[in-house]
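Participant: One file is attached below, final-v3.txt, containing compact mmCIF, C-alpha atoms.
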```txt
# COMPACT_ATOMS: atom_id res chain seq x y z
CA MET A 91 -3.79 36.68 -54.81
CA PRO A 92 -3.84 32.94 -53.94
CA SER A 93 -3.20 30.62 -56.87
CA LYS A 94 -5.79 28.14 -58.11
CA LYS A 95 -3.94 25.35 -56.31
CA ASP A 96 -3.95 27.30 -53.05
CA LYS A 97 -7.67 27.94 -53.40
CA ILE A 98 -8.32 24.21 -53.85
CA ILE A 99 -6.23 23.38 -50.75
CA LEU A 100 -7.96 26.09 -48.69
CA GLY A 101 -11.35 24.91 -49.88
CA ALA A 102 -10.57 21.31 -48.97
CA ALA A 103 -9.27 22.35 -45.55
CA GLY A 104 -12.40 24.39 -44.99
CA ALA A 105 -14.58 21.45 -45.95
CA VAL A 106 -12.68 19.16 -43.57
CA GLY A 107 -12.95 21.72 -40.79
CA ALA A 108 -16.66 22.18 -41.40
CA GLY A 109 -17.07 18.40 -41.46
CA ILE A 110 -15.32 18.05 -38.12
CA MET A 111 -17.41 20.84 -36.63
CA SER A 112 -20.63 19.27 -37.87
CA TRP A 113 -19.61 15.87 -36.53
CA ARG A 114 -18.83 17.47 -33.16
CA ALA A 115 -22.15 19.27 -33.23
CA PHE A 116 -24.12 16.07 -33.78
CA PHE A 117 -21.71 13.75 -31.91
CA PRO A 118 -19.95 15.87 -29.25
CA TRP A 119 -18.39 12.78 -27.65
CA ILE A 120 -16.86 11.38 -30.83
CA GLY A 121 -13.34 12.09 -29.54
CA TYR A 122 -14.02 10.04 -26.42
CA ASP A 123 -15.60 7.25 -28.49
CA LEU A 124 -12.55 7.05 -30.73
CA LYS A 125 -10.30 6.95 -27.65
CA MET A 126 -12.32 4.08 -26.18
CA ILE A 127 -12.26 2.24 -29.50
CA LYS A 128 -8.47 2.61 -29.68
CA HIS A 129 -7.83 1.39 -26.13
CA GLY A 130 -10.50 -1.29 -26.36
CA LYS A 131 -9.04 -2.62 -29.59
CA ARG A 132 -5.59 -2.88 -28.02
CA ALA A 133 -6.90 -4.68 -24.92
CA GLY A 134 -9.05 -6.94 -27.09
CA GLY A 135 -6.08 -7.80 -29.26
CA ARG A 136 -4.05 -8.84 -26.24
CA ILE A 137 -6.93 -10.95 -24.94
CA MET A 138 -7.22 -12.79 -28.24
CA LYS A 139 -3.47 -13.31 -28.43
CA ASP A 140 -3.38 -14.84 -24.93
CA ILE A 141 -6.32 -17.12 -25.72
CA GLN A 142 -4.66 -18.34 -28.90
CA ASN A 143 -1.35 -18.92 -27.10
CA GLN A 144 -3.08 -20.49 -24.09
CA ARG A 145 -1.40 -17.91 -21.87
CA TYR A 146 -3.51 -18.50 -18.80
CA LEU A 147 -3.18 -16.61 -15.52
CA ILE A 148 -0.67 -19.06 -14.05
CA ASN A 149 1.43 -18.79 -17.22
CA MET A 150 1.42 -15.01 -16.81
CA PHE A 151 2.70 -15.43 -13.27
CA GLU A 152 5.46 -17.84 -14.28
CA GLU A 153 6.54 -15.45 -17.05
CA ALA A 154 6.73 -12.62 -14.51
CA VAL A 155 8.88 -14.81 -12.24
CA GLU A 156 11.28 -15.42 -15.11
CA LYS A 157 11.40 -11.72 -16.08
CA TYR A 158 11.45 -10.11 -12.64
CA PRO A 159 12.58 -12.68 -10.04
CA LYS A 160 13.88 -10.12 -7.52
CA LYS A 161 11.17 -7.55 -8.13
CA PRO A 162 8.57 -6.90 -5.39
CA PHE A 163 5.32 -8.66 -6.26
CA ILE A 164 3.52 -8.05 -2.95
CA ILE A 165 4.23 -5.47 -0.27
CA PHE A 166 2.35 -6.36 2.90
CA GLU A 167 2.71 -4.80 6.33
CA ASP A 168 6.11 -3.34 5.33
CA ARG A 169 7.41 -6.71 4.19
CA VAL A 170 8.43 -7.26 0.58
CA TYR A 171 7.63 -10.54 -1.18
CA THR A 172 9.44 -10.90 -4.50
CA TYR A 173 8.15 -12.82 -7.49
CA GLU A 174 10.85 -15.42 -6.85
CA PHE A 175 9.86 -15.93 -3.21
CA VAL A 176 6.14 -16.14 -3.97
CA ASN A 177 6.90 -18.69 -6.68
CA GLU A 178 8.75 -20.86 -4.15
CA GLN A 179 5.69 -20.77 -1.92
CA THR A 180 3.39 -21.64 -4.84
CA ASN A 181 5.61 -24.64 -5.58
CA ARG A 182 5.20 -25.86 -2.01
CA VAL A 183 1.42 -25.50 -2.30
CA ALA A 184 1.40 -27.33 -5.64
CA ASN A 185 3.42 -30.23 -4.25
CA ILE A 186 1.10 -30.55 -1.25
CA ALA A 187 -2.01 -30.45 -3.44
CA ALA A 188 -0.56 -32.94 -5.94
CA GLN A 189 -0.91 -35.60 -3.23
CA TRP A 190 -4.69 -35.14 -3.26
CA GLY A 191 -4.98 -36.46 -6.82
CA PHE A 192 -7.60 -33.95 -7.95
CA LYS A 193 -8.55 -33.55 -11.59
CA ILE A 194 -8.18 -30.32 -13.56
CA GLY A 195 -11.11 -28.04 -12.78
CA GLU A 196 -11.98 -29.64 -9.44
CA CYS A 197 -12.34 -27.12 -6.63
CA VAL A 198 -10.51 -26.18 -3.45
CA ALA A 199 -12.00 -23.42 -1.26
CA LEU A 200 -9.95 -20.68 0.41
CA MET A 201 -11.27 -18.82 3.43
CA ILE A 202 -8.32 -16.51 3.99
CA GLU A 203 -8.18 -12.79 4.76
CA ASN A 204 -5.98 -10.35 2.85
CA GLU A 205 -2.42 -11.61 3.16
CA PRO A 206 0.25 -13.01 0.82
CA ALA A 207 -0.74 -16.60 1.70
CA PHE A 208 -4.05 -16.07 -0.10
CA ILE A 209 -2.19 -15.23 -3.30
CA TRP A 210 0.43 -17.97 -3.25
CA THR A 211 -2.09 -20.61 -2.21
CA PHE A 212 -4.35 -19.59 -5.11
CA LEU A 213 -1.49 -19.61 -7.62
CA GLY A 214 -0.04 -22.86 -6.28
CA LEU A 215 -3.36 -24.62 -6.89
CA GLN A 216 -3.50 -23.06 -10.35
CA LYS A 217 -0.22 -24.81 -11.18
CA LEU A 218 -2.22 -28.04 -11.09
CA GLY A 219 -5.25 -26.62 -12.90
CA ILE A 220 -7.31 -26.76 -9.68
CA ALA A 221 -10.13 -24.21 -9.49
CA VAL A 222 -10.20 -22.04 -6.36
CA ALA A 223 -13.29 -20.74 -4.59
CA PHE A 224 -12.78 -17.36 -2.90
CA ILE A 225 -14.88 -17.65 0.27
CA ASN A 226 -16.01 -14.52 2.10
CA PHE A 227 -14.42 -14.94 5.55
CA HIS A 228 -17.14 -12.80 7.14
CA ILE A 229 -19.99 -15.24 6.48
CA ARG A 230 -21.07 -18.01 8.83
CA GLY A 231 -23.83 -20.53 9.37
CA ASP A 232 -26.05 -21.58 6.47
CA PRO A 233 -24.50 -19.14 3.94
CA LEU A 234 -21.07 -20.62 4.62
CA VAL A 235 -22.32 -24.19 4.22
CA HIS A 236 -24.13 -23.17 1.03
CA THR A 237 -21.03 -21.59 -0.56
CA LEU A 238 -18.93 -24.69 0.07
CA ARG A 239 -21.59 -26.95 -1.38
CA ALA A 240 -22.34 -24.69 -4.35
CA CYS A 241 -18.74 -24.77 -5.59
CA GLU A 242 -18.42 -28.49 -4.77
CA ALA A 243 -15.25 -27.88 -2.78
CA LYS A 244 -13.08 -30.97 -2.24
CA VAL A 245 -10.94 -29.24 0.42
CA LEU A 246 -11.24 -26.11 2.57
CA ILE A 247 -8.10 -24.16 3.49
CA ILE A 248 -8.74 -21.83 6.42
CA GLY A 249 -6.65 -18.71 7.03
CA GLN A 250 -4.88 -17.76 10.22
CA GLY A 251 -7.33 -15.05 11.33
CA ASP A 252 -8.53 -15.94 14.85
CA TYR A 253 -12.13 -15.15 13.94
CA ILE A 254 -12.26 -17.45 10.88
CA LEU A 255 -11.78 -20.90 12.42
CA PRO A 256 -14.67 -20.53 14.94
CA LYS A 257 -17.07 -19.90 12.03
CA VAL A 258 -16.03 -23.17 10.42
CA GLU A 259 -16.21 -25.00 13.72
CA GLU A 260 -19.85 -23.86 14.14
CA VAL A 261 -20.92 -25.73 10.98
CA ARG A 262 -18.39 -28.55 10.94
CA GLY A 263 -21.10 -31.12 11.55
CA GLN A 264 -22.76 -30.07 8.26
CA LEU A 265 -19.59 -30.37 6.18
CA GLY A 266 -19.41 -34.15 6.16
CA ASP A 267 -15.95 -35.53 5.53
CA LEU A 268 -14.64 -32.34 3.85
CA PRO A 269 -10.88 -32.15 4.61
CA LEU A 270 -10.06 -29.02 6.63
CA TYR A 271 -6.59 -27.44 6.59
CA VAL A 272 -5.77 -24.51 8.88
CA GLN A 273 -3.02 -21.94 8.52
CA GLY A 274 -1.26 -20.37 11.49
CA GLN A 275 -2.68 -22.68 14.16
CA ASN A 276 -0.94 -25.21 16.41
CA LEU A 277 -3.58 -27.91 16.45
CA LEU A 278 -3.89 -30.80 18.85
CA PRO A 279 -3.91 -34.33 17.39
CA GLY A 280 -7.42 -35.56 16.72
CA ALA A 281 -8.90 -32.06 16.44
CA GLY A 282 -10.24 -32.85 12.98
CA TYR A 283 -8.07 -30.26 11.25
CA VAL A 284 -4.69 -30.50 9.51
CA ALA A 285 -1.96 -27.93 10.28
CA TRP A 286 -1.16 -26.34 6.92
CA ASP A 287 1.96 -24.52 8.09
CA GLU A 288 3.65 -27.78 9.02
CA LEU A 289 3.01 -29.13 5.54
CA MET A 290 4.46 -25.97 3.99
CA ARG A 291 7.52 -26.20 6.25
CA THR A 292 8.29 -29.82 5.35
CA THR A 293 7.52 -29.63 1.61
CA LEU A 294 10.31 -28.76 -0.80
CA PRO A 295 9.65 -25.96 -3.34
CA VAL A 296 10.29 -28.25 -6.31
CA PRO A 297 8.87 -26.73 -9.52
CA MET A 298 5.78 -28.44 -10.88
CA CYS A 299 6.01 -29.56 -14.50
CA ARG A 300 3.56 -27.68 -16.70
CA SER A 301 2.46 -30.94 -18.27
CA VAL A 302 0.32 -31.67 -15.18
CA ARG A 303 -2.07 -28.94 -16.32
CA ALA A 304 -1.83 -29.72 -20.04
CA GLY A 305 -5.54 -30.50 -20.11
CA MET A 306 -6.49 -26.97 -19.11
CA THR A 307 -8.73 -25.21 -21.67
CA PRO A 308 -10.22 -21.71 -21.96
CA THR A 309 -13.42 -22.98 -20.31
CA THR A 310 -11.66 -24.63 -17.37
CA PRO A 311 -12.70 -22.83 -14.15
CA CYS A 312 -9.96 -20.61 -12.75
CA CYS A 313 -11.82 -19.49 -9.65
CA TYR A 314 -15.25 -18.90 -8.17
CA ILE A 315 -16.10 -15.43 -6.89
CA PHE A 316 -19.32 -15.19 -4.92
CA THR A 317 -22.02 -12.54 -5.06
CA SER A 318 -22.62 -10.61 -1.85
CA GLY A 319 -25.78 -12.49 -0.89
CA THR A 320 -27.92 -9.36 -0.54
CA THR A 321 -30.72 -10.98 -2.57
CA GLY A 322 -30.48 -14.44 -1.05
CA LEU A 323 -27.66 -16.86 -0.47
CA PRO A 324 -24.28 -16.07 -2.12
CA LYS A 325 -24.05 -17.36 -5.67
CA PRO A 326 -20.81 -18.61 -7.23
CA VAL A 327 -19.73 -16.84 -10.41
CA ILE A 328 -17.52 -19.10 -12.51
CA ILE A 329 -14.43 -17.25 -13.65
CA THR A 330 -13.14 -19.44 -16.46
CA GLN A 331 -9.58 -19.26 -17.68
CA VAL A 332 -10.69 -17.17 -20.65
CA LYS A 333 -12.59 -14.76 -18.40
CA ALA A 334 -9.53 -14.47 -16.16
CA ILE A 335 -7.53 -13.51 -19.26
CA SER A 336 -10.12 -10.85 -20.07
CA ILE A 337 -10.08 -9.49 -16.51
CA SER A 338 -6.27 -9.35 -16.59
CA LYS A 339 -6.41 -6.88 -19.49
CA PHE A 340 -8.95 -4.46 -17.98
CA PHE A 341 -6.24 -2.10 -16.76
CA GLN A 342 -4.79 -1.92 -20.27
CA LEU A 343 -7.55 0.57 -20.99
CA PHE A 344 -5.40 3.06 -19.07
CA ASP A 345 -1.93 1.69 -19.85
CA TYR A 346 -1.17 -0.23 -16.66
CA LEU A 347 2.56 -1.00 -16.79
CA PRO A 348 5.15 -3.22 -15.07
CA THR A 349 6.43 -0.07 -13.34
CA ASP A 350 3.07 0.61 -11.70
CA ILE A 351 2.36 -0.03 -8.02
CA VAL A 352 -1.29 -0.62 -7.14
CA TYR A 353 -2.78 -0.14 -3.68
CA THR A 354 -5.43 -2.70 -2.73
CA CYS A 355 -7.26 -2.64 0.58
CA THR A 356 -10.56 -4.29 -0.35
CA PRO A 357 -11.02 -8.06 0.22
CA LEU A 358 -9.26 -10.40 -2.17
CA TYR A 359 -12.38 -12.58 -2.25
CA HIS A 360 -14.05 -9.70 -4.12
CA SER A 361 -13.68 -9.22 -7.88
CA ALA A 362 -12.23 -5.70 -7.52
CA ALA A 363 -9.18 -6.88 -5.56
CA GLY A 364 -8.84 -10.59 -6.36
CA GLY A 365 -9.91 -10.04 -9.95
CA LEU A 366 -8.93 -6.64 -11.30
CA GLY A 367 -6.13 -5.71 -8.90
CA LEU A 368 -4.40 -9.07 -8.64
CA MET A 369 -4.88 -10.43 -12.15
CA ASN A 370 -3.78 -7.22 -13.90
CA THR A 371 -0.72 -7.03 -11.65
CA ILE A 372 0.21 -10.60 -12.53
CA ASP A 373 -0.28 -9.97 -16.25
CA GLN A 374 2.11 -7.01 -16.25
CA GLY A 375 4.55 -8.18 -13.61
CA ALA A 376 3.72 -5.08 -11.59
CA THR A 377 3.63 -4.62 -7.80
CA MET A 378 0.68 -4.77 -5.38
CA VAL A 379 0.68 -3.05 -2.02
CA LEU A 380 -1.80 -5.18 -0.09
CA SER A 381 -3.51 -4.05 3.09
CA ARG A 382 -5.09 -6.54 5.48
CA LYS A 383 -8.14 -4.30 5.65
CA PHE A 384 -9.19 -0.76 4.84
CA SER A 385 -8.02 1.95 7.22
CA ALA A 386 -8.96 5.56 6.48
CA SER A 387 -6.16 6.93 8.67
CA HIS A 388 -3.48 4.76 7.03
CA PHE A 389 -4.79 4.99 3.46
CA PHE A 390 -2.59 7.80 2.11
CA GLU A 391 0.15 7.04 4.62
CA ASP A 392 0.60 3.63 2.94
CA ILE A 393 0.30 5.20 -0.50
CA ARG A 394 3.08 7.71 0.22
CA LYS A 395 5.33 5.18 1.93
CA HIS A 396 5.29 2.74 -0.98
CA ASN A 397 5.20 5.18 -3.93
CA VAL A 398 1.84 3.89 -5.12
CA THR A 399 0.81 4.99 -8.63
CA VAL A 400 -2.65 3.37 -8.97
CA VAL A 401 -5.30 3.34 -6.23
CA GLN A 402 -8.31 1.05 -6.09
CA TYR A 403 -11.45 2.23 -4.32
CA ILE A 404 -14.99 0.93 -3.96
CA GLY A 405 -18.25 2.22 -2.53
CA GLU A 406 -17.98 4.77 0.26
CA LEU A 407 -14.29 4.19 0.92
CA CYS A 408 -13.39 7.68 -0.34
CA ARG A 409 -15.89 9.32 2.01
CA TYR A 410 -14.15 7.77 5.02
CA VAL A 411 -10.77 8.95 3.73
CA LEU A 412 -12.14 12.49 3.40
CA ALA A 413 -13.26 12.35 7.03
CA VAL A 414 -9.63 12.10 8.16
CA PRO A 415 -8.30 15.51 9.35
CA LYS A 416 -6.54 17.49 6.63
CA SER A 417 -2.76 17.35 6.42
CA PRO A 418 -0.05 19.31 4.57
CA LEU A 419 0.92 15.92 3.09
CA ASP A 420 -2.48 15.28 1.47
CA LYS A 421 -1.11 15.93 -2.04
CA VAL A 422 2.33 14.46 -1.44
CA HIS A 423 2.20 11.18 -3.36
CA LYS A 424 2.86 9.64 -6.79
CA VAL A 425 -0.68 8.51 -7.59
CA ARG A 426 -1.48 8.98 -11.27
CA LEU A 427 -5.03 7.64 -11.11
CA ALA A 428 -7.72 6.14 -8.90
CA ILE A 429 -10.00 3.45 -10.28
CA GLY A 430 -13.12 1.96 -8.78
CA ALA A 431 -16.89 1.96 -8.55
CA GLY A 432 -19.41 3.75 -6.39
CA LEU A 433 -17.77 7.18 -5.96
CA ARG A 434 -20.71 9.47 -5.18
CA THR A 435 -20.97 12.84 -6.90
CA ASP A 436 -21.28 14.76 -3.61
CA ILE A 437 -17.69 13.85 -2.67
CA TRP A 438 -16.10 13.24 -6.10
CA LYS A 439 -14.68 16.77 -6.51
CA GLN A 440 -13.67 17.00 -2.85
CA PHE A 441 -11.67 13.78 -3.09
CA GLU A 442 -10.10 14.78 -6.40
CA GLU A 443 -9.10 18.29 -5.31
CA ARG A 444 -8.07 17.67 -1.72
CA PHE A 445 -5.72 14.80 -2.57
CA GLY A 446 -4.66 16.01 -6.02
CA ILE A 447 -5.80 12.93 -7.91
CA PRO A 448 -5.15 13.75 -11.59
CA TRP A 449 -7.37 11.04 -13.07
CA ILE A 450 -10.38 9.23 -11.65
CA ILE A 451 -11.67 6.23 -13.60
CA GLU A 452 -15.13 5.21 -12.46
CA TYR A 453 -16.54 2.01 -13.91
CA PHE A 454 -19.67 -0.06 -13.63
CA GLY A 455 -19.74 -3.82 -13.99
CA MET A 456 -20.72 -7.03 -12.28
CA THR A 457 -18.66 -10.14 -11.64
CA GLU A 458 -21.33 -12.22 -13.35
CA GLY A 459 -21.74 -9.75 -16.22
CA THR A 460 -20.36 -9.97 -19.74
CA ALA A 461 -19.61 -6.27 -20.23
CA ALA A 462 -18.76 -3.13 -18.28
CA LEU A 463 -18.89 0.64 -18.58
CA MET A 464 -15.86 2.83 -17.93
CA ASN A 465 -15.23 6.57 -17.74
CA LEU A 466 -11.78 7.17 -19.24
CA GLU A 467 -12.44 10.87 -19.86
CA ASN A 468 -12.23 11.97 -16.21
CA LYS A 469 -15.81 13.18 -16.60
CA PHE A 470 -17.26 14.22 -13.27
CA GLY A 471 -20.06 11.94 -12.04
CA ALA A 472 -19.95 9.47 -14.95
CA CYS A 473 -19.23 5.74 -15.01
CA GLY A 474 -19.03 5.59 -18.80
CA ARG A 475 -21.49 6.35 -21.54
CA MET A 476 -23.67 4.56 -24.05
CA SER A 477 -22.46 5.26 -27.58
CA PRO A 478 -23.80 4.31 -31.02
CA PHE A 479 -20.20 3.54 -32.02
CA LEU A 480 -19.40 1.13 -29.16
```
Will you turn the file into structure tokens for me?

Facilitator:
Amino acid sequence: MPSKKDKIILGAAGAVGAGIMSWRAFFPWIGYDLKMIKHGKRAGGRIMKDIQNQRYLINMFEEAVEKYPKKPFIIFEDRVYTYEFVNEQTNRVANIAAQWGFKIGECVALMIENEPAFIWTFLGLQKLGIAVAFINFHIRGDPLVHTLRACEAKVLIIGQGDYILPKVEEVRGQLGDLPLYVQGQNLLPGAGYVAWDELMRTTLPVPMCRSVRAGMTPTTPCCYIFTSGTTGLPKPVIITQVKAISISKFFQLFDYLPTDIVYTCTPLYHSAAGGLGLMNTIDQGATMVLSRKFSASHFFEDIRKHNVTVVQYIGELCRYVLAVPKSPLDKVHKVRLAIGAGLRTDIWKQFEERFGIPWIIEYFGMTEGTAALMNLENKFGACGRMSPFL
């Protein structure tokens, strides 16, 4: 016969068990809600700490350089760019831009395709507190003129892609006296453009004193990311320094670590790559495998070659990957999760099962929004859920 004490313990345990069962009956997703609260609280705490310490994106990068100087920061077309090397390039950019005499928060526009120069040019300008507009290199004509005017760009730096410069040349007469710098081009004197590569070659990588950006505040613009222009002309979304801090902690919802390697093949001018992928990698001192553009046939080939652990996708990208003929190597990789938006339910399970993706995190959010939904539970077809607790 159980003692009186045992009966009390058993009764209490039964009451707790019944309570849990009733909670699960009325709130079947309470376990997921508590998980989101836990991860959200941790990410939120790190955001607040960085704001209080004024640990802006460029500070995160400089910390990573100090911690991991020889570590790969960017892997691009089988070439490895360490944190130390990228920092040297950012110093060259900063010293060039210092000659322009711009104030903190004034804007320089980049029209560069996916390549390491996009990243070190962006970070070099950040060393001076200069805001950077990420210009879609596919646009031309009036939309291009509008984007440059909307962000009040003081300078335009044009990438080396052969198809980019002609788009600028088409509208040059509408750009007034906007200084134009071109990467990767041997320009003739008097062409109206300045050869950027020559400036980089002749400028020493002298570190820029942090005091030059001492006036930076949480509301100082970090960059401008433009909407797609599907409902009119592209609109600039101001990513302030505090919003950049928030973006850089998004991957903490799934424990993104310095040991992670993320694969990014969407344009850096888009918030998925230039925001989530790049900023979270900088925050953690992780590694980014950057592709110039998306290729379905090379997608998992690149992932296997570089031991990628986190994959970014967007829209119908996964459908094109599924269209590639099956291979015995489909599940040979180190990917622990795929994160993105727009994965349709008719291919979700096919993508997950064929390539052996253990965790798919679908989210919904907008660059100009103030909140986002996320599915951390690996729930098929969901991009998060509305909860009375969140």

Participant: For range 384-390 of chain A, please output as a ChimeraX atom specification all residues within 10 Å (counting all atoms listed in the file; exclusion window: fewer than 2 positions along the same chain).

Facilitator: /A:353-357,380-382,392-396,398,401,403,407-415,419-423,425,445

Participant: Give me a file of those residues, with C-alpha atoms, as a PDB file, in the frame of the given file.

Facilitator:
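Once written, selection.pdb looks like this:
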```
ATOM      1  CA  TYR A 353      -2.780  -0.140  -3.680  1.00  0.00           C
ATOM      2  CA  THR A 354      -5.430  -2.700  -2.730  1.00  0.00           C
ATOM      3  CA  CYS A 355      -7.260  -2.640   0.580  1.00  0.00           C
ATOM      4  CA  THR A 356     -10.560  -4.290  -0.350  1.00  0.00           C
ATOM      5  CA  PRO A 357     -11.020  -8.060   0.220  1.00  0.00           C
ATOM      6  CA  LEU A 380      -1.800  -5.180  -0.090  1.00  0.00           C
ATOM      7  CA  SER A 381      -3.510  -4.050   3.090  1.00  0.00           C
ATOM      8  CA  ARG A 382      -5.090  -6.540   5.480  1.00  0.00           C
ATOM      9  CA  ASP A 392       0.600   3.630   2.940  1.00  0.00           C
ATOM     10  CA  ILE A 393       0.300   5.200  -0.500  1.00  0.00           C
ATOM     11  CA  ARG A 394       3.080   7.710   0.220  1.00  0.00           C
ATOM     12  CA  LYS A 395       5.330   5.180   1.930  1.00  0.00           C
ATOM     13  CA  HIS A 396       5.290   2.740  -0.980  1.00  0.00           C
ATOM     14  CA  VAL A 398       1.840   3.890  -5.120  1.00  0.00           C
ATOM     15  CA  VAL A 401      -5.300   3.340  -6.230  1.00  0.00           C
ATOM     16  CA  TYR A 403     -11.450   2.230  -4.320  1.00  0.00           C
ATOM     17  CA  LEU A 407     -14.290   4.190   0.920  1.00  0.00           C
ATOM     18  CA  CYS A 408     -13.390   7.680  -0.340  1.00  0.00           C
ATOM     19  CA  ARG A 409     -15.890   9.320   2.010  1.00  0.00           C
ATOM     20  CA  TYR A 410     -14.150   7.770   5.020  1.00  0.00           C
ATOM     21  CA  VAL A 411     -10.770   8.950   3.730  1.00  0.00           C
ATOM     22  CA  LEU A 412     -12.140  12.490   3.400  1.00  0.00           C
ATOM     23  CA  ALA A 413     -13.260  12.350   7.030  1.00  0.00           C
ATOM     24  CA  VAL A 414      -9.630  12.100   8.160  1.00  0.00           C
ATOM     25  CA  PRO A 415      -8.300  15.510   9.350  1.00  0.00           C
ATOM     26  CA  LEU A 419       0.920  15.920   3.090  1.00  0.00           C
ATOM     27  CA  ASP A 420      -2.480  15.280   1.470  1.00  0.00           C
ATOM     28  CA  LYS A 421      -1.110  15.930  -2.040  1.00  0.00           C
ATOM     29  CA  VAL A 422       2.330  14.460  -1.440  1.00  0.00           C
ATOM     30  CA  HIS A 423       2.200  11.180  -3.360  1.00  0.00           C
ATOM     31  CA  VAL A 425      -0.680   8.510  -7.590  1.00  0.00           C
ATOM     32  CA  PHE A 445      -5.720  14.800  -2.570  1.00  0.00           C
TER      33      PHE A 445
END
```

Participant: Considering all atoms listed in the file, tabulate each residue of range 308-339 of chain A that lies at most 12 Å from range 217-227 of chain A along with its nearest interatomic pair and the corresponding distance in Å to one decimal; arrange the rows by chain and ascending residue number and present them as a Markdown table.

Facilitator:
```
| residue | atom | partner | partner_atom | distance |
| --- | --- | --- | --- | --- |
| A:Pro308 | CA | A:Gly219 | CA | 11.4 |
| A:Thr309 | CA | A:Ala221 | CA | 11.4 |
| A:Thr310 | CA | A:Ala221 | CA | 8.0 |
| A:Pro311 | CA | A:Ala221 | CA | 5.5 |
| A:Cys312 | CA | A:Ala221 | CA | 4.9 |
| A:Cys313 | CA | A:Val222 | CA | 4.5 |
| A:Tyr314 | CA | A:Ala223 | CA | 4.5 |
| A:Ile315 | CA | A:Phe224 | CA | 5.5 |
| A:Phe316 | CA | A:Phe224 | CA | 7.2 |
| A:Thr317 | CA | A:Asn226 | CA | 9.6 |
| A:Ser318 | CA | A:Asn226 | CA | 8.6 |
| A:Gly319 | CA | A:Asn226 | CA | 10.4 |
| A:Pro324 | CA | A:Asn226 | CA | 9.4 |
| A:Lys325 | CA | A:Ile225 | CA | 10.9 |
| A:Pro326 | CA | A:Ala223 | CA | 8.2 |
| A:Val327 | CA | A:Ala223 | CA | 9.5 |
| A:Ile328 | CA | A:Ala223 | CA | 9.1 |
| A:Ile329 | CA | A:Ala221 | CA | 9.2 |
| A:Thr330 | CA | A:Ala221 | CA | 9.0 |
| A:Gln331 | CA | A:Ala221 | CA | 9.6 |
| A:Ala334 | CA | A:Ala221 | CA | 11.8 |
```

Participant: Once you have the residues from the selection above, write them out as a short mmCIF file (atom, residue, chain, number, x, y, z; two decimals), keeping the file's coordinate frame, restricted to C-alpha atoms.

Facilitator:
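selection.cif written:
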```cif
data_model
loop_
_atom_site.label_atom_id
_atom_site.label_comp_id
_atom_site.auth_asym_id
_atom_site.auth_seq_id
_atom_site.Cartn_x
_atom_site.Cartn_y
_atom_site.Cartn_z
CA PRO A 308 -10.22 -21.71 -21.96
CA THR A 309 -13.42 -22.98 -20.31
CA THR A 310 -11.66 -24.63 -17.37
CA PRO A 311 -12.70 -22.83 -14.15
CA CYS A 312 -9.96 -20.61 -12.75
CA CYS A 313 -11.82 -19.49 -9.65
CA TYR A 314 -15.25 -18.90 -8.17
CA ILE A 315 -16.10 -15.43 -6.89
CA PHE A 316 -19.32 -15.19 -4.92
CA THR A 317 -22.02 -12.54 -5.06
CA SER A 318 -22.62 -10.61 -1.85
CA GLY A 319 -25.78 -12.49 -0.89
CA PRO A 324 -24.28 -16.07 -2.12
CA LYS A 325 -24.05 -17.36 -5.67
CA PRO A 326 -20.81 -18.61 -7.23
CA VAL A 327 -19.73 -16.84 -10.41
CA ILE A 328 -17.52 -19.10 -12.51
CA ILE A 329 -14.43 -17.25 -13.65
CA THR A 330 -13.14 -19.44 -16.46
CA GLN A 331 -9.58 -19.26 -17.68
CA ALA A 334 -9.53 -14.47 -16.16
#
```

Participant: Could you give me, as a PyMOL selection string, the residues that have an atom at most 7 Å away from the point (4.9, -5.4, -14.5) in the coordinates of the file, using all atoms listed in the file?

Facilitator: chain A and resi 347-350+371+374-377

Participant: Go ahead and dump the residues you just picked, C-alpha atoms, as a PDB file, in the frame of the given file.

Facilitator:
```pdb
ATOM      1  CA  LEU A 347       2.560  -1.000 -16.790  1.00  0.00           C
ATOM      2  CA  PRO A 348       5.150  -3.220 -15.070  1.00  0.00           C
ATOM      3  CA  THR A 349       6.430  -0.070 -13.340  1.00  0.00           C
ATOM      4  CA  ASP A 350       3.070   0.610 -11.700  1.00  0.00           C
ATOM      5  CA  THR A 371      -0.720  -7.030 -11.650  1.00  0.00           C
ATOM      6  CA  GLN A 374       2.110  -7.010 -16.250  1.00  0.00           C
ATOM      7  CA  GLY A 375       4.550  -8.180 -13.610  1.00  0.00           C
ATOM      8  CA  ALA A 376       3.720  -5.080 -11.590  1.00  0.00           C
ATOM      9  CA  THR A 377       3.630  -4.620  -7.800  1.00  0.00           C
TER      10      THR A 377
END
```

Participant: Please list as an NGL selection string every residue within 12 Å of range 267-270 of chain A, counting only C-alpha atoms and excluding residues in the same chain fewer than 3 positions away.

Facilitator: :A and (190 or 197-201 or 235 or 238-239 or 242-249 or 255 or 258-259 or 261-264 or 273 or 277 or 281-286)

Participant: With distances taken over all atoms listed in the file, which of A:Met298, A:Ile404, A:Leu358, A:Ile229 is nearest to Leu323 in chain A?

Facilitator: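 Comparing A:Met298, A:Ile404, A:Leu358, A:Ile229 against Leu323 in chain A, the winner is A:Ile229.
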
Participant: Please measure the separation of CA of Lys160 in chain A and CA of Asn397 in chain A, giving the value in Å to one decimal.

Facilitator: 18.0 Å

Participant: Give the centre and edge lengths of an axis-aligned box, in Å to one decimal, that holds all listed atoms of range 403-422 of chain A with 6 Å on each side, as AutoDock Vina command-line options.

Facilitator:
```
--center_x -8.0 --center_y 10.1 --center_z 2.5 --size_x 32.6 --size_y 30.4 --size_z 25.7
```
